[in-house]
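So this block is protein_36.txt, compact mmCIF, C-alpha atoms:
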# COMPACT_ATOMS: atom_id res chain seq x y z
CA MET V 9 46.08 73.57 -14.05
CA ASP V 10 42.87 74.85 -15.60
CA LYS V 11 42.85 75.53 -19.33
CA VAL V 12 41.35 78.63 -20.87
CA LEU V 13 38.57 76.80 -22.75
CA GLU V 14 37.57 74.29 -20.09
CA GLY V 15 33.79 74.06 -19.94
CA ILE V 16 33.36 74.80 -23.66
CA ARG V 17 31.96 71.90 -25.69
CA VAL V 18 32.47 71.66 -29.44
CA LEU V 19 30.82 69.43 -32.03
CA ASP V 20 33.47 69.03 -34.72
CA PHE V 21 32.44 67.97 -38.23
CA GLY V 22 35.78 69.16 -39.59
CA ARG V 23 37.33 67.11 -42.36
CA TYR V 24 40.71 67.23 -44.06
CA VAL V 25 42.79 70.15 -42.73
CA ALA V 26 40.96 73.47 -42.25
CA GLY V 27 37.97 72.35 -40.20
CA ALA V 28 39.85 69.62 -38.38
CA TYR V 29 42.71 71.95 -37.43
CA CYS V 30 40.25 74.54 -36.12
CA GLY V 31 38.82 71.91 -33.78
CA ALA V 32 42.28 70.77 -32.73
CA LEU V 33 43.26 74.31 -31.73
CA LEU V 34 40.20 74.56 -29.51
CA ALA V 35 40.89 71.13 -28.02
CA ASP V 36 44.50 72.05 -27.27
CA MET V 37 43.24 74.85 -25.04
CA GLY V 38 40.92 72.64 -23.03
CA ALA V 39 37.62 72.59 -24.92
CA GLU V 40 35.79 69.27 -25.00
CA VAL V 41 35.88 68.69 -28.75
CA ILE V 42 33.81 65.82 -30.11
CA ARG V 43 34.78 64.69 -33.59
CA VAL V 44 31.76 63.51 -35.58
CA GLU V 45 32.38 60.99 -38.36
CA ARG V 46 30.04 59.07 -40.60
CA PRO V 47 29.50 55.44 -39.51
CA GLY V 48 32.53 53.45 -40.62
CA GLY V 49 34.80 56.50 -40.58
CA GLU V 50 35.15 59.81 -42.40
CA VAL V 51 36.28 59.90 -46.02
CA ASP V 52 39.55 61.64 -45.15
CA ARG V 53 40.75 58.49 -43.38
CA GLU V 54 41.10 56.91 -46.82
CA LEU V 55 43.82 59.36 -47.85
CA GLY V 56 47.53 58.78 -47.32
CA PRO V 57 50.03 58.70 -45.84
CA PHE V 58 49.42 55.60 -43.73
CA ALA V 59 51.19 54.17 -40.69
CA PRO V 60 52.43 50.55 -40.77
CA ASN V 61 49.15 49.41 -39.17
CA GLY V 62 47.11 51.06 -41.94
CA GLU V 63 45.93 54.02 -39.86
CA ASN V 64 45.88 57.38 -41.60
CA ILE V 65 48.67 59.57 -40.24
CA VAL V 66 47.38 63.08 -40.97
CA TYR V 67 43.62 62.65 -40.57
CA GLY V 68 43.64 59.71 -38.19
CA MET V 69 46.38 60.83 -35.81
CA ILE V 70 47.53 64.43 -36.21
CA MET V 71 44.48 66.60 -36.97
CA HIS V 72 42.27 65.19 -34.25
CA ARG V 73 44.54 65.05 -31.19
CA ASN V 74 42.89 65.91 -27.88
CA LYS V 75 39.42 65.13 -29.27
CA LYS V 76 36.78 62.55 -28.48
CA GLY V 77 35.23 60.66 -31.36
CA ILE V 78 31.68 59.59 -32.23
CA THR V 79 29.92 58.40 -35.36
CA LEU V 80 26.61 59.78 -36.62
CA ASN V 81 24.71 59.69 -39.89
CA THR V 82 23.04 63.09 -39.95
CA ARG V 83 21.46 62.34 -43.33
CA SER V 84 19.11 59.86 -41.69
CA GLU V 85 15.95 60.95 -39.90
CA LYS V 86 17.05 59.48 -36.58
CA GLY V 87 20.52 60.90 -37.02
CA ARG V 88 19.07 64.35 -37.63
CA GLU V 89 17.08 64.10 -34.38
CA ILE V 90 20.19 63.07 -32.47
CA LEU V 91 22.06 66.02 -34.01
CA LYS V 92 19.39 68.38 -32.70
CA GLU V 93 19.78 66.99 -29.19
CA LEU V 94 23.56 67.33 -29.35
CA VAL V 95 23.32 70.92 -30.59
CA LYS V 96 21.27 71.79 -27.51
CA ARG V 97 24.20 70.72 -25.36
CA VAL V 98 27.20 72.28 -27.11
CA ASP V 99 28.64 75.78 -27.48
CA ILE V 100 30.30 75.57 -30.88
CA VAL V 101 29.79 73.58 -34.07
CA VAL V 102 32.64 73.38 -36.59
CA GLU V 103 32.07 72.28 -40.18
CA ASN V 104 33.77 72.63 -43.55
CA TYR V 105 31.33 70.91 -45.90
CA GLY V 106 30.70 73.91 -48.14
CA VAL V 107 27.45 75.70 -48.92
CA GLU V 108 25.68 72.70 -50.45
CA GLY V 109 27.24 70.07 -48.22
CA LYS V 110 26.24 71.63 -44.93
CA LYS V 111 22.60 71.76 -46.04
CA ILE V 112 22.69 68.04 -46.77
CA MET V 113 24.33 67.40 -43.39
CA GLY V 114 21.79 69.55 -41.51
CA LEU V 115 24.41 72.09 -40.46
CA ASP V 116 22.95 75.38 -41.71
CA TYR V 117 23.13 78.16 -39.14
CA GLU V 118 19.44 79.12 -39.13
CA PRO V 119 18.05 75.74 -38.02
CA LEU V 120 20.91 75.25 -35.55
CA SER V 121 20.32 78.65 -33.95
CA GLY V 122 16.62 77.83 -33.76
CA ILE V 123 17.54 74.83 -31.63
CA ASN V 124 20.15 76.69 -29.56
CA PRO V 125 20.12 80.52 -29.84
CA GLY V 126 23.56 80.68 -28.23
CA ILE V 127 25.19 78.30 -30.70
CA ILE V 128 28.30 79.44 -32.56
CA LEU V 129 28.70 77.87 -35.99
CA VAL V 130 32.20 77.99 -37.45
CA SER V 131 31.65 77.42 -41.15
CA ILE V 132 34.82 77.04 -43.22
CA SER V 133 34.47 76.67 -46.98
CA GLY V 134 36.34 77.37 -50.18
CA PHE V 135 34.67 80.65 -51.07
CA GLY V 136 32.42 81.50 -48.13
CA SER V 137 28.65 81.44 -47.68
CA TYR V 138 27.89 84.09 -50.31
CA GLY V 139 29.37 85.61 -53.46
CA PRO V 140 29.64 84.50 -57.11
CA TYR V 141 31.90 81.54 -56.25
CA ALA V 142 30.07 80.38 -53.11
CA LYS V 143 28.95 77.03 -54.56
CA LYS V 144 32.26 76.18 -56.21
CA LEU V 145 34.55 73.52 -54.79
CA CYS V 146 37.97 74.57 -53.56
CA PHE V 147 41.05 73.09 -51.95
CA ASP V 148 44.21 74.75 -50.66
CA ALA V 149 46.13 74.66 -53.95
CA VAL V 150 43.18 76.10 -55.88
CA ALA V 151 43.02 79.03 -53.45
CA GLN V 152 46.78 79.53 -53.74
CA GLY V 153 46.47 79.80 -57.50
CA MET V 154 43.37 82.00 -57.61
CA SER V 155 44.69 84.37 -54.94
CA GLY V 156 47.69 85.35 -57.04
CA ALA V 157 50.22 83.74 -54.71
CA MET V 158 51.44 81.21 -57.28
CA CYS V 159 52.28 83.98 -59.75
CA TYR V 160 55.13 84.98 -57.46
CA THR V 161 56.44 81.55 -56.45
CA GLY V 162 58.90 79.62 -58.55
CA PHE V 163 61.75 81.09 -60.53
CA PRO V 164 61.35 83.43 -63.53
CA GLY V 165 60.52 81.52 -66.68
CA ASN V 166 59.37 78.43 -64.80
CA PRO V 167 55.79 77.28 -64.12
CA PRO V 168 53.90 78.79 -61.17
CA THR V 169 54.64 76.79 -58.03
CA ARG V 170 52.43 76.06 -55.05
CA ALA V 171 53.79 76.21 -51.51
CA ALA V 172 54.53 72.73 -50.17
CA ALA V 173 52.82 73.27 -46.81
CA PRO V 174 49.06 73.91 -47.26
CA TYR V 175 49.18 77.32 -45.60
CA VAL V 176 45.72 78.31 -46.84
CA ASP V 177 44.14 75.30 -45.12
CA PHE V 178 46.00 75.83 -41.86
CA SER V 179 45.43 79.59 -41.78
CA SER V 180 41.72 79.08 -42.45
CA GLY V 181 41.59 76.76 -39.45
CA ILE V 182 43.35 79.40 -37.37
CA TYR V 183 40.94 82.09 -38.57
CA GLY V 184 38.06 79.77 -37.68
CA ALA V 185 39.33 79.26 -34.14
CA LEU V 186 39.99 82.98 -33.76
CA GLY V 187 36.50 83.76 -35.02
CA ALA V 188 35.06 81.32 -32.49
CA MET V 189 36.82 83.25 -29.71
CA PHE V 190 35.36 86.54 -30.97
CA ALA V 191 31.91 84.97 -31.07
CA LEU V 192 32.29 83.51 -27.57
CA TYR V 193 33.17 86.95 -26.23
CA TYR V 194 30.15 88.46 -27.96
CA ARG V 195 27.93 85.73 -26.53
CA LYS V 196 29.26 86.41 -23.06
CA LYS V 197 28.14 90.04 -23.42
CA THR V 198 24.80 89.44 -25.16
CA GLY V 199 23.85 85.80 -24.74
CA LYS V 200 23.58 85.50 -28.52
CA GLY V 201 25.44 83.13 -30.79
CA GLN V 202 26.41 83.78 -34.40
CA MET V 203 27.93 82.25 -37.50
CA VAL V 204 31.65 82.54 -38.19
CA ASP V 205 32.06 82.50 -41.98
CA VAL V 206 35.64 81.71 -43.11
CA ALA V 207 36.65 81.21 -46.75
CA LEU V 208 39.92 79.65 -47.89
CA PHE V 209 39.97 82.11 -50.79
CA ASP V 210 39.59 85.09 -48.43
CA ALA V 211 42.46 83.82 -46.30
CA ALA V 212 44.71 83.34 -49.33
CA VAL V 213 43.89 86.77 -50.78
CA SER V 214 44.52 88.41 -47.40
CA PHE V 215 48.11 87.17 -47.42
CA VAL V 216 48.80 88.26 -50.99
CA ALA V 217 47.15 91.68 -50.62
CA GLY V 218 48.91 92.07 -47.27
CA MET V 219 52.27 92.01 -49.06
CA GLY V 220 51.33 95.27 -50.77
CA VAL V 221 51.19 93.90 -54.30
CA ALA V 222 47.51 94.78 -54.81
CA ALA V 223 48.11 98.40 -53.81
CA GLU V 224 51.29 98.44 -55.86
CA TYR V 225 49.35 97.29 -58.92
CA LYS V 226 46.57 99.85 -58.47
CA LEU V 227 48.82 102.78 -57.60
CA LEU V 228 51.77 102.08 -59.89
CA ASP V 229 50.32 99.73 -62.52
CA TYR V 230 53.10 97.26 -61.72
CA ILE V 231 52.86 93.48 -61.34
CA ARG V 232 55.89 91.90 -59.74
CA PRO V 233 57.50 88.88 -61.43
CA GLN V 234 58.24 85.49 -59.92
CA ILE V 235 60.72 85.93 -57.10
CA GLY V 236 62.23 82.49 -56.52
CA ASN V 237 63.69 82.47 -53.01
CA SER V 238 64.02 86.24 -52.82
CA SER V 239 61.64 88.66 -51.14
CA PHE V 240 59.60 91.35 -52.81
CA TYR V 241 61.50 94.34 -51.53
CA ASN V 242 64.84 93.23 -50.08
CA TYR V 243 67.71 90.95 -50.97
CA ASN V 244 67.98 87.38 -49.68
CA ASN V 245 68.40 83.89 -51.08
CA THR V 246 69.42 80.29 -50.51
CA TYR V 247 73.10 79.40 -50.89
CA LYS V 248 74.92 76.10 -51.26
CA ALA V 249 77.70 75.38 -48.80
CA ARG V 250 80.11 72.44 -49.07
CA ASP V 251 77.72 70.11 -47.25
CA GLY V 252 74.26 71.57 -47.68
CA TRP V 253 72.07 74.61 -48.17
CA LEU V 254 71.26 77.60 -46.02
CA PHE V 255 69.24 80.80 -46.22
CA ILE V 256 70.67 84.28 -45.63
CA TYR V 257 68.33 87.21 -45.08
CA THR V 258 69.26 90.87 -45.24
CA LEU V 259 66.94 93.74 -44.39
CA GLY V 260 68.15 97.28 -43.89
CA ASN V 261 71.63 98.72 -44.14
CA SER V 262 72.75 97.66 -40.67
CA ILE V 263 72.35 93.96 -41.38
CA TRP V 264 73.80 94.46 -44.85
CA ARG V 265 76.96 96.04 -43.45
CA ARG V 266 77.32 93.28 -40.88
CA LEU V 267 77.07 90.68 -43.64
CA LEU V 268 79.74 92.43 -45.70
CA LYS V 269 82.09 92.56 -42.73
CA ALA V 270 81.54 88.86 -42.01
CA ILE V 271 82.39 87.85 -45.58
CA ASP V 272 85.28 90.35 -45.80
CA ARG V 273 83.66 92.40 -48.57
CA GLU V 274 83.21 95.77 -46.88
CA ASP V 275 84.23 97.39 -50.17
CA LEU V 276 80.69 96.70 -51.43
CA ALA V 277 79.24 99.03 -48.81
CA GLN V 278 80.24 102.00 -50.98
CA ASP V 279 78.94 100.52 -54.23
CA PRO V 280 75.92 102.61 -55.38
CA ARG V 281 74.35 99.49 -56.88
CA PHE V 282 73.86 98.16 -53.36
CA LYS V 283 73.12 101.36 -51.47
CA ASP V 284 69.74 100.25 -50.06
CA ASP V 285 67.28 97.35 -50.02
CA VAL V 286 65.62 98.30 -53.30
CA SER V 287 68.97 98.67 -55.08
CA ARG V 288 70.22 95.36 -53.74
CA TRP V 289 67.00 93.64 -54.80
CA GLN V 290 67.24 95.14 -58.29
CA ASN V 291 70.86 94.00 -58.59
CA ARG V 292 70.43 90.61 -56.95
CA ASP V 293 71.77 88.84 -60.05
CA ILE V 294 75.07 90.62 -59.44
CA LEU V 295 75.11 89.94 -55.71
CA ASP V 296 74.18 86.26 -55.85
CA PRO V 297 77.50 85.05 -57.35
CA ILE V 298 79.46 87.09 -54.81
CA ILE V 299 77.66 85.65 -51.80
CA SER V 300 77.51 82.17 -53.35
CA GLU V 301 81.26 82.05 -53.89
CA TRP V 302 81.93 82.87 -50.25
CA VAL V 303 79.39 80.39 -48.92
CA SER V 304 80.66 77.59 -51.17
CA GLN V 305 84.04 77.69 -49.44
CA HIS V 306 82.56 76.75 -46.07
CA THR V 307 80.40 74.14 -44.43
CA VAL V 308 76.89 75.03 -43.33
CA ARG V 309 77.97 75.10 -39.69
CA GLU V 310 80.93 77.38 -40.45
CA VAL V 311 78.69 79.86 -42.26
CA LEU V 312 76.11 79.78 -39.48
CA ASN V 313 78.74 80.35 -36.82
CA LEU V 314 80.22 83.34 -38.64
CA LEU V 315 76.92 84.97 -39.53
CA GLU V 316 75.21 84.31 -36.21
CA GLU V 317 78.16 85.92 -34.45
CA ALA V 318 77.75 88.89 -36.81
CA ARG V 319 74.00 89.02 -36.05
CA VAL V 320 72.95 88.29 -39.62
CA PRO V 321 69.67 86.33 -39.90
CA CYS V 322 70.39 82.91 -41.37
CA GLY V 323 69.51 79.28 -41.01
CA PRO V 324 70.06 75.86 -42.55
CA VAL V 325 67.65 74.49 -45.14
CA ASN V 326 66.63 71.39 -43.20
CA ASP V 327 64.89 68.24 -44.24
CA ILE V 328 62.35 66.80 -41.81
CA SER V 329 64.87 64.44 -40.18
CA ALA V 330 66.82 67.46 -38.94
CA VAL V 331 63.65 69.24 -37.79
CA VAL V 332 62.39 66.28 -35.77
CA ASP V 333 65.67 66.06 -33.85
CA ASP V 334 66.27 69.81 -33.54
CA PRO V 335 66.90 70.63 -29.84
CA HIS V 336 64.98 73.91 -30.03
CA VAL V 337 61.99 72.12 -31.57
CA ARG V 338 62.06 69.66 -28.69
CA VAL V 339 62.47 72.23 -25.93
CA ARG V 340 59.61 74.32 -27.33
CA LYS V 341 57.54 71.18 -28.00
CA ALA V 342 56.89 72.28 -31.57
CA ILE V 343 56.78 68.55 -32.21
CA GLU V 344 55.51 66.17 -29.54
CA ASP V 345 55.52 62.39 -29.45
CA VAL V 346 52.17 60.75 -28.72
CA ASP V 347 51.60 57.01 -28.34
CA PHE V 348 49.04 55.48 -30.68
CA PRO V 349 47.64 51.93 -30.47
CA GLY V 350 49.34 49.52 -32.83
CA VAL V 351 51.87 52.12 -33.95
CA GLY V 352 53.81 53.37 -30.96
CA SER V 353 55.24 56.86 -30.66
CA VAL V 354 54.04 59.27 -33.36
CA PRO V 355 55.48 62.83 -33.73
CA LEU V 356 52.67 65.41 -33.90
CA SER V 357 52.75 69.16 -34.44
CA GLY V 358 52.69 70.77 -31.00
CA VAL V 359 50.79 73.63 -29.40
CA VAL V 360 52.12 76.85 -30.94
CA ILE V 361 50.57 79.43 -28.61
CA LYS V 362 52.29 79.33 -25.22
CA LEU V 363 50.01 80.80 -22.54
CA SER V 364 51.88 81.58 -19.33
CA GLN V 365 49.01 80.91 -16.90
CA THR V 366 46.78 78.45 -18.76
CA PRO V 367 49.01 76.62 -21.25
CA GLY V 368 47.54 74.24 -23.77
CA GLU V 369 48.96 70.77 -24.25
CA ILE V 370 48.48 67.51 -26.09
CA GLU V 371 46.92 65.30 -23.45
CA LYS V 372 45.54 62.47 -25.52
CA ARG V 373 45.82 60.87 -28.92
CA ALA V 374 43.24 61.21 -31.67
CA PRO V 375 40.20 58.94 -31.24
CA LEU V 376 39.55 55.73 -33.09
CA ILE V 377 36.36 55.57 -35.16
CA GLY V 378 33.42 55.93 -32.78
CA GLU V 379 35.65 55.36 -29.76
CA HIS V 380 33.54 57.54 -27.47
CA ASN V 381 30.06 56.65 -28.69
CA GLU V 382 29.05 55.07 -25.40
CA GLU V 383 30.47 57.92 -23.32
CA ILE V 384 29.00 60.80 -25.33
CA TYR V 385 25.63 59.33 -26.18
CA GLY V 386 25.29 57.89 -22.71
CA LYS V 387 26.41 60.99 -20.81
CA LEU V 388 24.80 63.68 -22.94
CA LEU V 389 21.69 61.98 -24.30
CA ASN V 390 21.15 59.20 -21.73
CA LEU V 391 21.01 56.53 -24.43
CA SER V 392 21.35 52.96 -23.19
CA LEU V 393 23.72 50.38 -24.64
CA GLU V 394 20.71 48.60 -26.13
CA GLU V 395 19.55 51.79 -27.84
CA LEU V 396 23.03 52.42 -29.16
CA GLN V 397 23.26 48.90 -30.52
CA GLN V 398 19.95 49.35 -32.32
CA LEU V 399 21.14 52.65 -33.81
CA LYS V 400 24.32 50.93 -34.95
CA GLN V 401 22.34 48.19 -36.67
CA GLU V 402 20.34 50.88 -38.46
CA SER V 403 23.59 52.61 -39.56
CA VAL V 404 22.67 55.75 -37.61
CA VAL V 405 25.87 55.59 -35.50

With the file now loaded, output its structure as structure tokens.
Amino acid sequence: MDKVLEGIRVLDFGRYVAGAYCGALLADMGAEVIRVERPGGEVDRELGPFAPNGENIVYGMIMHRNKKGITLNTRSEKGREILKELVKRVDIVVENYGVEGKKIMGLDYEPLSGINPGIILVSISGFGSYGPYAKKLCFDAVAQGMSGAMCYTGFPGNPPTRAAAPYVDFSSGIYGALGAMFALYYRKKTGKGQMVDVALFDAAVSFVAGMGVAAEYKLLDYIRPQIGNSSFYNYNNTYKARDGWLFIYTLGNSIWRRLLKAIDREDLAQDPRFKDDVSRWQNRDILDPIISEWVSQHTVREVLNLLEEARVPCGPVNDISAVVDDPHVRVRKAIEDVDFPGVGSVPLSGVVIKLSQTPGEIEKRAPLIGEHNEEIYGKLLNLSLEELQQLKQESVV
């Protein structure tokens, strides 16, 4: 079955998470994505965790599934010339080197568009291509902190806490892939390429401001405190059962009444302290012991059975061993096993977007360092094996 991005070729200089994930999303949907590493391997391969054979798990296996892999030193004169020839033959370039780094690597939009006017450059950086912070360095956790998100995480009186999953990195990669689709559509109409400028900081701020706290501050002069496991505007929390933890979520009076019936506390429905979401949130310190006492008398499965039957949103707080073996995860292929040389079966994050007519899939493992040098340089640039060997000796590839 054809995939929606078949025929689109991408030159992927993405490192770490944001840029690499952007390229992976395009590859999942059928684009020919060519990962470009420095000779000897990209710096992110040196980071943990590592498989038993020494291969990097995140940046050597997960982030670059479905891609081909080449090596190229774009800082060298010959490497820069090869880059120009590759740019003539691709639709999209992805990079996340930052404002200064992409100049050094020869990945600025103006020279690339001069080579190929239809080129789309997806440029992901900490603070974007312009603005007072444009030249500053940034990683996911820095953006979480600066965006205001960490002021709300953690429990009152405790230090600000970052989210465990690097959501700023992943969302920036998603925004980059989405921006590439917008730019492809524009190019289809006009024949012109453009630059897609994505900043981790912008992505992080968009989530925080999207919760309404910025407007709340400006309109009401109110800054919300740390919320722990609660929400901003309605009552919910984690609760400890006899054999583990689970999360119970209430929103609106209908769910609230169903919860009270399930725990045999319908008397609370008439209590003015709990009359609506705001009241329940304000009096959560009173509610927590009531719900906790009921949950503590049951196992996780017993609570889930009772609340699911009552149509109350809830779920276990799983560790990764439970997630990997979860039947719904397997049926939906949220995690897929891919064989990797010297390691065996490796569980990777799956394709999230399920297209009914042109579904994406994980067809091949991530490439080894320079695994497709002969194929790409031979097919696209007509370089001979002898020429490639000479370039290798000169540390160009």

* Give me the residues within 9 Å of Val206 (chain V) as a PyMOL selection string, counting all atoms listed in the file and dropping any in the same chain fewer than 6 places off. => chain V and resi 130-137+180-181+183-184+187

Let me see the file: selected residues, C-alpha atoms, as an mmCIF file, in the frame of the given file.
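Result file is part37.cif:
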data_model
loop_
_atom_site.group_PDB
_atom_site.id
_atom_site.type_symbol
_atom_site.label_atom_id
_atom_site.label_comp_id
_atom_site.auth_asym_id
_atom_site.auth_seq_id
_atom_site.Cartn_x
_atom_site.Cartn_y
_atom_site.Cartn_z
ATOM 1 C CA VAL V 130 32.200 77.990 -37.450
ATOM 2 C CA SER V 131 31.650 77.420 -41.150
ATOM 3 C CA ILE V 132 34.820 77.040 -43.220
ATOM 4 C CA SER V 133 34.470 76.670 -46.980
ATOM 5 C CA GLY V 134 36.340 77.370 -50.180
ATOM 6 C CA PHE V 135 34.670 80.650 -51.070
ATOM 7 C CA GLY V 136 32.420 81.500 -48.130
ATOM 8 C CA SER V 137 28.650 81.440 -47.680
ATOM 9 C CA SER V 180 41.720 79.080 -42.450
ATOM 10 C CA GLY V 181 41.590 76.760 -39.450
ATOM 11 C CA TYR V 183 40.940 82.090 -38.570
ATOM 12 C CA GLY V 184 38.060 79.770 -37.680
ATOM 13 C CA GLY V 187 36.500 83.760 -35.020
#

* To do: Between V:Asp36, V:Asp99, V:Glu63, V:Asp52, single out the one closest to Arg195 (chain V), counting only C-alpha atoms.
  =>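 Of all the options, V:Asp99 lies closest to Arg195 (chain V).
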
* Asked: Using all atoms listed in the file, which residues sit within 8 Å of Phe163 (chain V) once same-chain residues fewer than 6 positions away are excluded, as a PyMOL selection string?
  -> chain V and resi 234-237

* **Distance of CA of Gly87 (chain V) from CA of Ser403 (chain V), expressed in Å to one decimal place** => 9.2 Å

* **Top pick for closest residue to Asn245 (chain V), considering V:Val303, V:Ala207, V:Ala222, V:Ile123 and counting all atoms listed in the file** =>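 Once distances to Asn245 (chain V) are computed over all atoms listed in the file, the minimum belongs to V:Val303.
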
* Write out as a ChimeraX atom specification the residues lying within 10 Å of region 273-284 of chain V, counting all atoms listed in the file and excluding same-chain residues fewer than 2 positions away. => /V:242-243,259-261,264-271,286-292,294-295,298-299,302

Can I get the residues of region 65-152 of chain V within 12 Å of region 338-345 of chain V, each with the closest pair of atoms and their distance in Å to one decimal, using all atoms listed in the file, sorted chain first then ascending number, as JSON lines?
{"residue": "V:Met69", "atom": "CA", "partner": "V:Asp345", "partner_atom": "CA", "distance": 11.2}
{"residue": "V:Ile70", "atom": "CA", "partner": "V:Glu344", "partner_atom": "CA", "distance": 10.5}
{"residue": "V:Arg73", "atom": "CA", "partner": "V:Glu344", "partner_atom": "CA", "distance": 11.1}

* To do: Record the distance separating CA of Leu393 (chain V) and CA of Asn381 (chain V), expressed in Å with one decimal.
  => 9.8 Å

Please return as a PDB file with C-alpha atoms, keeping the file's coordinate frame every residue within 10 Å of (54.8, 90.5, -59.3), taking into account all atoms listed in the file and the file's own coordinates.
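Generated file (out-v1.pdb):
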ATOM      1  CA  GLY V 156      47.690  85.350 -57.040  1.00  0.00           C
ATOM      2  CA  ALA V 157      50.220  83.740 -54.710  1.00  0.00           C
ATOM      3  CA  CYS V 159      52.280  83.980 -59.750  1.00  0.00           C
ATOM      4  CA  TYR V 160      55.130  84.980 -57.460  1.00  0.00           C
ATOM      5  CA  THR V 161      56.440  81.550 -56.450  1.00  0.00           C
ATOM      6  CA  VAL V 221      51.190  93.900 -54.300  1.00  0.00           C
ATOM      7  CA  ALA V 222      47.510  94.780 -54.810  1.00  0.00           C
ATOM      8  CA  GLU V 224      51.290  98.440 -55.860  1.00  0.00           C
ATOM      9  CA  TYR V 225      49.350  97.290 -58.920  1.00  0.00           C
ATOM     10  CA  TYR V 230      53.100  97.260 -61.720  1.00  0.00           C
ATOM     11  CA  ILE V 231      52.860  93.480 -61.340  1.00  0.00           C
ATOM     12  CA  ARG V 232      55.890  91.900 -59.740  1.00  0.00           C
ATOM     13  CA  PRO V 233      57.500  88.880 -61.430  1.00  0.00           C
ATOM     14  CA  GLN V 234      58.240  85.490 -59.920  1.00  0.00           C
ATOM     15  CA  ILE V 235      60.720  85.930 -57.100  1.00  0.00           C
ATOM     16  CA  PHE V 240      59.600  91.350 -52.810  1.00  0.00           C
TER      17      PHE V 240
END

Kindly output region 205-217 of chain V as an mmCIF file, in the frame of the given file, after building N, CA and C atoms.
data_model
loop_
_atom_site.group_PDB
_atom_site.id
_atom_site.type_symbol
_atom_site.label_atom_id
_atom_site.label_comp_id
_atom_site.auth_asym_id
_atom_site.auth_seq_id
_atom_site.Cartn_x
_atom_site.Cartn_y
_atom_site.Cartn_z
ATOM 1 N N ASP V 205 31.951 82.869 -40.567
ATOM 2 C CA ASP V 205 32.060 82.500 -41.980
ATOM 3 C C ASP V 205 33.502 82.720 -42.435
ATOM 4 N N VAL V 206 34.233 81.629 -42.692
ATOM 5 C CA VAL V 206 35.640 81.710 -43.110
ATOM 6 C C VAL V 206 35.790 81.049 -44.473
ATOM 7 N N ALA V 207 36.413 81.748 -45.409
ATOM 8 C CA ALA V 207 36.650 81.210 -46.750
ATOM 9 C C ALA V 207 38.147 81.031 -46.985
ATOM 10 N N LEU V 208 38.525 79.879 -47.535
ATOM 11 C CA LEU V 208 39.920 79.650 -47.890
ATOM 12 C C LEU V 208 40.421 80.735 -48.848
ATOM 13 N N PHE V 209 39.587 81.100 -49.803
ATOM 14 C CA PHE V 209 39.970 82.110 -50.790
ATOM 15 C C PHE V 209 40.238 83.457 -50.122
ATOM 16 N N ASP V 210 39.371 83.842 -49.168
ATOM 17 C CA ASP V 210 39.590 85.090 -48.430
ATOM 18 C C ASP V 210 40.931 85.064 -47.703
ATOM 19 N N ALA V 211 41.207 83.930 -47.047
ATOM 20 C CA ALA V 211 42.460 83.820 -46.300
ATOM 21 C C ALA V 211 43.656 83.964 -47.235
ATOM 22 N N ALA V 212 43.596 83.280 -48.377
ATOM 23 C CA ALA V 212 44.710 83.340 -49.330
ATOM 24 C C ALA V 212 44.905 84.750 -49.868
ATOM 25 N N VAL V 213 43.797 85.409 -50.241
ATOM 26 C CA VAL V 213 43.890 86.770 -50.780
ATOM 27 C C VAL V 213 44.428 87.733 -49.726
ATOM 28 N N SER V 214 44.057 87.507 -48.461
ATOM 29 C CA SER V 214 44.520 88.410 -47.400
ATOM 30 C C SER V 214 46.040 88.404 -47.288
ATOM 31 N N PHE V 215 46.659 87.240 -47.491
ATOM 32 C CA PHE V 215 48.110 87.170 -47.420
ATOM 33 C C PHE V 215 48.766 87.865 -48.607
ATOM 34 N N VAL V 216 48.214 87.644 -49.794
ATOM 35 C CA VAL V 216 48.800 88.260 -50.990
ATOM 36 C C VAL V 216 48.620 89.772 -50.960
ATOM 37 N N ALA V 217 47.398 90.231 -50.684
ATOM 38 C CA ALA V 217 47.150 91.680 -50.620
ATOM 39 C C ALA V 217 47.940 92.315 -49.482
#
